[in-house]
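What follows is a set of notes on a single structure, which appears directly below.
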Amino acid sequence: MRVTWWGHSTTTIEANGTRLLTDPVLTPRIAHLRRRRGPAPAPEAGECDAVLISHLHADHLHLTSLPFVSPDAALVVPRGAARLIHADRGPRYSDRCIEVAPGNQVRIGGLEITAVTAHHDGRRLPWSAYSAQPVGYRVDGAPSVWFAGDTDLYDGLAAETGPVDVALVPVGGWGPSLGPGHLDPLRAAEAVRRVGASMAVPVHFGTFWPIGLDWVRPDLFLAPGDRFKTAMTEVDPAVKVEVLVPGESVEVSP
């Protein structure tokens, strides 16, 4: 298996001859946010067999990025998201949607994908009435992966998601504060411990920042990746942490 981090929550998971793309943001900007580290992902980032969307927030379901994705890729989305995609992009995109709720399974190529619970705000916001229950995804191939999307800790996390081999876990955000429904580095380390992963890749940090606020809490931009690595050493030193830069890949053995 190979995992490539393109920045924020956008990753490519390659295994068993299948390519999955998570929460694709493939442009330099999301509304008032701009990409502050590295260029927009290379065109190859959009090449995939399926897209996994975790929730409706614009930095995860980035409608502007969908045209950069393979035109025949399935769009695995939370139940209720297809209506939003249809309204914004039309049937050419909504017809490709596979809606899921926690517990639902989908097979894409050589990979079995299970939607799992995520504790996060499911509304589109700020000027939209659309809502859908957020999810994370467990991907079973060789090895297994948990893509958390955005979530907070919850009591059933270990039983529902684990054990897995690799955790793609959010450790920060895109601005000078981190609201409810997110994991900071310490809570992310605890989440990895609960799901029993032997390897963790921190995501959802060090990519986007509000325009004009470059020097407001810069410690929340790059630092969460290293803080997570330190926290993981304290919580479970057996877990291998790979802190990537956008566009970098890591090979994972079964």
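Simple scheme: letters A, B, ... for chains in structure tokens order, numbers from 1 for residues in each chain, numbers from 1 for ligands in the order shown.
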Taking only C-alpha atoms into account, produce a table as JSON lines in which each residue of segment 186-230 of chain A with an atom at most 12 Å from an atom of segment 21-43 of chain A appears once, together with its shortest atom pair and the distance in Å to one decimal, ordered by chain and rising number.
{"residue": "A:Val203", "atom": "CA", "partner": "A:Thr22", "partner_atom": "CA", "distance": 11.2}
{"residue": "A:His204", "atom": "CA", "partner": "A:Asp23", "partner_atom": "CA", "distance": 10.6}
{"residue": "A:Phe205", "atom": "CA", "partner": "A:Arg37", "partner_atom": "CA", "distance": 10.4}
{"residue": "A:Gly206", "atom": "CA", "partner": "A:Arg37", "partner_atom": "CA", "distance": 7.0}
{"residue": "A:Thr207", "atom": "CA", "partner": "A:Arg37", "partner_atom": "CA", "distance": 5.5}
{"residue": "A:Phe208", "atom": "CA", "partner": "A:Arg35", "partner_atom": "CA", "distance": 4.5}
{"residue": "A:Trp209", "atom": "CA", "partner": "A:Leu33", "partner_atom": "CA", "distance": 5.2}
{"residue": "A:Pro210", "atom": "CA", "partner": "A:Leu33", "partner_atom": "CA", "distance": 4.4}
{"residue": "A:Ile211", "atom": "CA", "partner": "A:Leu33", "partner_atom": "CA", "distance": 5.8}
{"residue": "A:Gly212", "atom": "CA", "partner": "A:His32", "partner_atom": "CA", "distance": 9.3}
{"residue": "A:Leu213", "atom": "CA", "partner": "A:Leu33", "partner_atom": "CA", "distance": 9.8}
{"residue": "A:Asp214", "atom": "CA", "partner": "A:Arg36", "partner_atom": "CA", "distance": 8.7}
{"residue": "A:Trp215", "atom": "CA", "partner": "A:Arg36", "partner_atom": "CA", "distance": 11.9}
{"residue": "A:Pro218", "atom": "CA", "partner": "A:Arg36", "partner_atom": "CA", "distance": 11.5}
{"residue": "A:Phe221", "atom": "CA", "partner": "A:Arg36", "partner_atom": "CA", "distance": 9.4}
{"residue": "A:Leu222", "atom": "CA", "partner": "A:Arg37", "partner_atom": "CA", "distance": 9.5}
C-alpha atoms of the current selection, written as a PDB file, in the first residue's frame:
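Listed below is the output, result_18.pdb:
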ATOM      1  CA  VAL A 203      -3.419  15.294   8.326  1.00  0.00           C
ATOM      2  CA  HIS A 204      -5.682  18.380   8.471  1.00  0.00           C
ATOM      3  CA  PHE A 205      -2.926  20.844   9.348  1.00  0.00           C
ATOM      4  CA  GLY A 206      -0.197  22.914   7.724  1.00  0.00           C
ATOM      5  CA  THR A 207      -1.955  23.615   4.431  1.00  0.00           C
ATOM      6  CA  PHE A 208      -4.650  26.324   4.429  1.00  0.00           C
ATOM      7  CA  TRP A 209      -4.924  29.560   6.412  1.00  0.00           C
ATOM      8  CA  PRO A 210      -7.296  32.554   6.263  1.00  0.00           C
ATOM      9  CA  ILE A 211      -6.153  35.342   3.966  1.00  0.00           C
ATOM     10  CA  GLY A 212      -4.687  38.223   5.959  1.00  0.00           C
ATOM     11  CA  LEU A 213      -4.157  36.192   9.135  1.00  0.00           C
ATOM     12  CA  ASP A 214      -0.761  34.685   8.325  1.00  0.00           C
ATOM     13  CA  TRP A 215       0.818  35.815  11.591  1.00  0.00           C
ATOM     14  CA  PRO A 218       1.292  30.635  13.447  1.00  0.00           C
ATOM     15  CA  PHE A 221      -0.105  25.965  11.296  1.00  0.00           C
ATOM     16  CA  LEU A 222       2.888  23.599  11.033  1.00  0.00           C
TER      17      LEU A 222
END
Give me the residues near segment 132-141 of chain A as an MDAnalysis selection string, where near means some atom within 7 Å (using only C-alpha atoms) and where sequence neighbours in that chain fewer than 4 positions away do not count. chainID A and resid 15:16 54:56 78:81 102 111:118 120 122:123 145:149 161
Nearest to Asp59 of chain A, restricted to only C-alpha atoms and choosing among A:Gly46, A:Pro163, A:Gly173, A:Gly109, comes out as A:Gly173
Among listed residues A:Met232, A:Val201, A:Cys48, A:Ala73, nearest Val245 of chain A (using only C-alpha atoms): A:Val201
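Restricting the calculation to only C-alpha atoms, the smallest distance between Gly7 of chain A and any of A:Leu125, A:Val216, A:Ala82, A:Leu168 is found for A:Leu168.
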Neighbours of Met1 of chain A within 9 Å (only C-alpha atoms; same-chain residues fewer than 3 positions away dropped), as a VMD selection string? chain A and resid 13 to 16 141 to 143 250 to 254
Nearest to Gly181 of chain A: which of A:Glu234, A:Asp121, A:Asp226, A:Asp165 is it, counting only C-alpha atoms?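 For Gly181 of chain A, the nearest of the given residues is A:Asp121.
Picture a line from atom CA of Ser9 of chain A to atom CA of Val243 of chain A; it runs 13.5 Å.
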Distance of atom CA of Leu183 of chain A from atom CA of Val171 of chain A, expressed in Å to one decimal place: 5.5 Å
Quick one: of A:Ile108, A:Leu153, A:Leu178, A:Leu20, who's nearest to Trp5 of chain A, counting only C-alpha atoms? A:Leu20
Segment 1-177 of chain A: which residues are alpha helix (DSSP H) by DSSP, as a PyMOL selection string? chain A and resi 81-89+91-94+157-161
Based on DSSP run over this structure's backbone, return all residues of segment 199-243 of chain A in strand (DSSP E or B), as number ranges by chain. A: 199-203, 208-210, 240-241
Selected residues written out with all heavy atoms, as a compact mmCIF listing (two decimals), in the first residue's frame:
# COMPACT_ATOMS: atom_id res chain seq x y z
N MET A 199 0.67 2.40 12.63
CA MET A 199 1.26 3.54 11.93
C MET A 199 0.22 4.65 11.87
O MET A 199 -0.97 4.38 11.72
CB MET A 199 1.71 3.19 10.51
CG MET A 199 2.23 4.38 9.71
SD MET A 199 2.68 3.97 7.99
CE MET A 199 4.20 3.08 8.29
N ALA A 200 0.68 5.89 11.98
CA ALA A 200 -0.23 7.03 11.90
C ALA A 200 0.38 8.11 11.01
O ALA A 200 1.58 8.38 11.07
CB ALA A 200 -0.52 7.60 13.28
N VAL A 201 -0.47 8.72 10.19
CA VAL A 201 -0.08 9.85 9.35
C VAL A 201 -0.97 11.03 9.74
O VAL A 201 -2.18 10.98 9.55
CB VAL A 201 -0.26 9.54 7.85
CG1 VAL A 201 0.09 10.77 7.00
CG2 VAL A 201 0.59 8.34 7.44
N PRO A 202 -0.40 12.10 10.32
CA PRO A 202 -1.21 13.26 10.68
C PRO A 202 -1.63 14.06 9.45
O PRO A 202 -0.82 14.27 8.54
CB PRO A 202 -0.28 14.08 11.58
CG PRO A 202 1.10 13.70 11.14
CD PRO A 202 1.02 12.27 10.70
N VAL A 203 -2.89 14.49 9.42
CA VAL A 203 -3.42 15.29 8.33
C VAL A 203 -4.21 16.46 8.92
O VAL A 203 -4.25 16.63 10.13
CB VAL A 203 -4.30 14.45 7.37
CG1 VAL A 203 -3.49 13.30 6.78
CG2 VAL A 203 -5.54 13.89 8.09
N PHE A 208 -3.85 25.13 4.69
CA PHE A 208 -4.65 26.32 4.43
C PHE A 208 -4.69 27.25 5.64
O PHE A 208 -4.62 26.79 6.78
CB PHE A 208 -6.08 25.93 4.05
CG PHE A 208 -6.17 25.25 2.70
CD1 PHE A 208 -6.23 23.87 2.61
CD2 PHE A 208 -6.19 26.00 1.53
CE1 PHE A 208 -6.31 23.25 1.38
CE2 PHE A 208 -6.25 25.38 0.30
CZ PHE A 208 -6.32 24.01 0.21
N TRP A 209 -4.83 28.57 5.35
CA TRP A 209 -4.92 29.56 6.41
C TRP A 209 -5.73 30.74 5.88
O TRP A 209 -5.67 31.03 4.68
CB TRP A 209 -3.53 30.02 6.83
CG TRP A 209 -3.44 30.50 8.24
CD1 TRP A 209 -3.28 31.79 8.66
CD2 TRP A 209 -3.48 29.70 9.42
NE1 TRP A 209 -3.22 31.84 10.04
CE2 TRP A 209 -3.34 30.56 10.53
CE3 TRP A 209 -3.62 28.33 9.65
CZ2 TRP A 209 -3.35 30.11 11.85
CZ3 TRP A 209 -3.63 27.87 10.95
CH2 TRP A 209 -3.49 28.76 12.04
N PRO A 210 -6.50 31.41 6.74
CA PRO A 210 -7.30 32.55 6.26
C PRO A 210 -6.42 33.67 5.68
O PRO A 210 -5.37 34.01 6.24
CB PRO A 210 -8.03 33.02 7.52
CG PRO A 210 -8.05 31.82 8.42
CD PRO A 210 -6.76 31.11 8.15
N LYS A 240 4.35 3.94 14.84
CA LYS A 240 5.25 4.67 13.95
C LYS A 240 4.48 5.85 13.35
O LYS A 240 3.42 5.67 12.78
CB LYS A 240 5.76 3.76 12.84
CG LYS A 240 6.72 4.45 11.87
CD LYS A 240 7.19 3.49 10.79
CE LYS A 240 8.16 4.16 9.83
NZ LYS A 240 8.60 3.24 8.75
N VAL A 241 5.03 7.05 13.50
CA VAL A 241 4.38 8.25 12.97
C VAL A 241 5.16 8.77 11.77
O VAL A 241 6.38 8.96 11.84
CB VAL A 241 4.30 9.35 14.05
CG1 VAL A 241 3.72 10.64 13.46
CG2 VAL A 241 3.46 8.87 15.22
Which polymer residues have any atom within 8 Å of an atom of Ala231 of chain A, counting only C-alpha atoms, with same-chain residues fewer than 2 positions away left out, as a ChimeraX atom specification? /A:185-186,189,227-229,233-235
Atoms kept (all heavy atoms) for selection, written as a PDB file, in the first residue's frame:
ATOM      1  N   PRO A 185      -3.538  17.591  18.700  1.00  0.00           N
ATOM      2  CA  PRO A 185      -2.518  16.542  18.662  1.00  0.00           C
ATOM      3  C   PRO A 185      -2.645  15.494  19.761  1.00  0.00           C
ATOM      4  O   PRO A 185      -2.472  14.292  19.502  1.00  0.00           O
ATOM      5  CB  PRO A 185      -1.209  17.330  18.773  1.00  0.00           C
ATOM      6  CG  PRO A 185      -1.521  18.623  18.098  1.00  0.00           C
ATOM      7  CD  PRO A 185      -2.933  18.936  18.517  1.00  0.00           C
ATOM      8  N   LEU A 186      -2.926  15.909  20.997  1.00  0.00           N
ATOM      9  CA  LEU A 186      -3.009  14.952  22.096  1.00  0.00           C
ATOM     10  C   LEU A 186      -4.230  14.044  21.943  1.00  0.00           C
ATOM     11  O   LEU A 186      -4.135  12.819  22.123  1.00  0.00           O
ATOM     12  CB  LEU A 186      -3.053  15.688  23.433  1.00  0.00           C
ATOM     13  CG  LEU A 186      -3.107  14.791  24.672  1.00  0.00           C
ATOM     14  CD1 LEU A 186      -1.908  13.853  24.714  1.00  0.00           C
ATOM     15  CD2 LEU A 186      -3.170  15.646  25.947  1.00  0.00           C
ATOM     16  N   ALA A 189      -3.679  11.509  19.227  1.00  0.00           N
ATOM     17  CA  ALA A 189      -2.863  10.378  19.671  1.00  0.00           C
ATOM     18  C   ALA A 189      -3.715   9.367  20.434  1.00  0.00           C
ATOM     19  O   ALA A 189      -3.558   8.143  20.272  1.00  0.00           O
ATOM     20  CB  ALA A 189      -1.706  10.874  20.531  1.00  0.00           C
ATOM     21  N   ARG A 227       3.832  18.066  17.104  1.00  0.00           N
ATOM     22  CA  ARG A 227       3.239  17.885  18.435  1.00  0.00           C
ATOM     23  C   ARG A 227       2.508  16.550  18.532  1.00  0.00           C
ATOM     24  O   ARG A 227       2.540  15.889  19.578  1.00  0.00           O
ATOM     25  CB  ARG A 227       2.280  19.036  18.727  1.00  0.00           C
ATOM     26  CG  ARG A 227       2.978  20.362  18.984  1.00  0.00           C
ATOM     27  CD  ARG A 227       1.989  21.495  19.149  1.00  0.00           C
ATOM     28  NE  ARG A 227       2.672  22.762  19.370  1.00  0.00           N
ATOM     29  CZ  ARG A 227       2.105  23.949  19.232  1.00  0.00           C
ATOM     30  NH1 ARG A 227       0.824  24.020  18.881  1.00  0.00           N
ATOM     31  NH2 ARG A 227       2.802  25.055  19.445  1.00  0.00           N
ATOM     32  N   PHE A 228       1.873  16.169  17.448  1.00  0.00           N
ATOM     33  CA  PHE A 228       1.220  14.856  17.428  1.00  0.00           C
ATOM     34  C   PHE A 228       2.251  13.741  17.561  1.00  0.00           C
ATOM     35  O   PHE A 228       2.048  12.778  18.311  1.00  0.00           O
ATOM     36  CB  PHE A 228       0.415  14.675  16.143  1.00  0.00           C
ATOM     37  CG  PHE A 228      -0.040  13.264  15.909  1.00  0.00           C
ATOM     38  CD1 PHE A 228      -1.052  12.704  16.668  1.00  0.00           C
ATOM     39  CD2 PHE A 228       0.579  12.478  14.940  1.00  0.00           C
ATOM     40  CE1 PHE A 228      -1.469  11.391  16.463  1.00  0.00           C
ATOM     41  CE2 PHE A 228       0.173  11.174  14.727  1.00  0.00           C
ATOM     42  CZ  PHE A 228      -0.852  10.632  15.494  1.00  0.00           C
ATOM     43  N   LYS A 229       3.355  13.860  16.857  1.00  0.00           N
ATOM     44  CA  LYS A 229       4.395  12.829  16.944  1.00  0.00           C
ATOM     45  C   LYS A 229       4.911  12.704  18.373  1.00  0.00           C
ATOM     46  O   LYS A 229       5.096  11.586  18.883  1.00  0.00           O
ATOM     47  CB  LYS A 229       5.540  13.154  15.986  1.00  0.00           C
ATOM     48  CG  LYS A 229       6.573  12.051  15.867  1.00  0.00           C
ATOM     49  CD  LYS A 229       7.561  12.335  14.744  1.00  0.00           C
ATOM     50  CE  LYS A 229       8.509  11.157  14.555  1.00  0.00           C
ATOM     51  NZ  LYS A 229       9.419  11.381  13.388  1.00  0.00           N
ATOM     52  N   THR A 233       4.298   9.423  20.965  1.00  0.00           N
ATOM     53  CA  THR A 233       5.378   8.749  21.672  1.00  0.00           C
ATOM     54  C   THR A 233       5.026   8.567  23.145  1.00  0.00           C
ATOM     55  O   THR A 233       5.353   7.533  23.752  1.00  0.00           O
ATOM     56  CB  THR A 233       6.685   9.556  21.540  1.00  0.00           C
ATOM     57  OG1 THR A 233       7.031   9.653  20.158  1.00  0.00           O
ATOM     58  CG2 THR A 233       7.822   8.886  22.299  1.00  0.00           C
ATOM     59  N   GLU A 234       4.341   9.549  23.715  1.00  0.00           N
ATOM     60  CA  GLU A 234       3.956   9.456  25.119  1.00  0.00           C
ATOM     61  C   GLU A 234       2.781   8.507  25.329  1.00  0.00           C
ATOM     62  O   GLU A 234       2.730   7.773  26.322  1.00  0.00           O
ATOM     63  CB  GLU A 234       3.603  10.850  25.638  1.00  0.00           C
ATOM     64  CG  GLU A 234       4.789  11.818  25.628  1.00  0.00           C
ATOM     65  CD  GLU A 234       4.378  13.239  25.945  1.00  0.00           C
ATOM     66  OE1 GLU A 234       3.157  13.493  26.058  1.00  0.00           O
ATOM     67  OE2 GLU A 234       5.275  14.102  26.070  1.00  0.00           O
ATOM     68  N   VAL A 235       1.832   8.507  24.398  1.00  0.00           N
ATOM     69  CA  VAL A 235       0.632   7.675  24.545  1.00  0.00           C
ATOM     70  C   VAL A 235       0.911   6.225  24.190  1.00  0.00           C
ATOM     71  O   VAL A 235       0.462   5.303  24.890  1.00  0.00           O
ATOM     72  CB  VAL A 235      -0.511   8.247  23.670  1.00  0.00           C
ATOM     73  CG1 VAL A 235      -1.709   7.299  23.644  1.00  0.00           C
ATOM     74  CG2 VAL A 235      -0.937   9.614  24.196  1.00  0.00           C
TER      75      VAL A 235
END
So that I can check the surroundings of Cys97 of chain A, please list as an MDAnalysis selection string every protein, DNA and RNA residue that reaches within 8 Å of it, counting only C-alpha atoms and ignoring chain neighbours fewer than 2 positions away. chainID A and resid 74:77 82 93:95 99
Restricting the output to C-alpha atoms, write the selected residues as a PDB file, in the first residue's frame.
ATOM      1  CA  ALA A  74     -17.462   6.850  -7.939  1.00  0.00           C
ATOM      2  CA  LEU A  75     -18.263   9.486  -5.304  1.00  0.00           C
ATOM      3  CA  VAL A  76     -18.810   7.820  -1.912  1.00  0.00           C
ATOM      4  CA  VAL A  77     -20.577  10.455   0.191  1.00  0.00           C
ATOM      5  CA  ALA A  82     -26.009  13.839  -3.304  1.00  0.00           C
ATOM      6  CA  TYR A  93     -21.827  14.268 -10.733  1.00  0.00           C
ATOM      7  CA  SER A  94     -24.773  13.300  -8.542  1.00  0.00           C
ATOM      8  CA  ASP A  95     -25.435  10.168 -10.624  1.00  0.00           C
ATOM      9  CA  GLU A  99     -24.541   7.517  -0.305  1.00  0.00           C
TER      10      GLU A  99
END
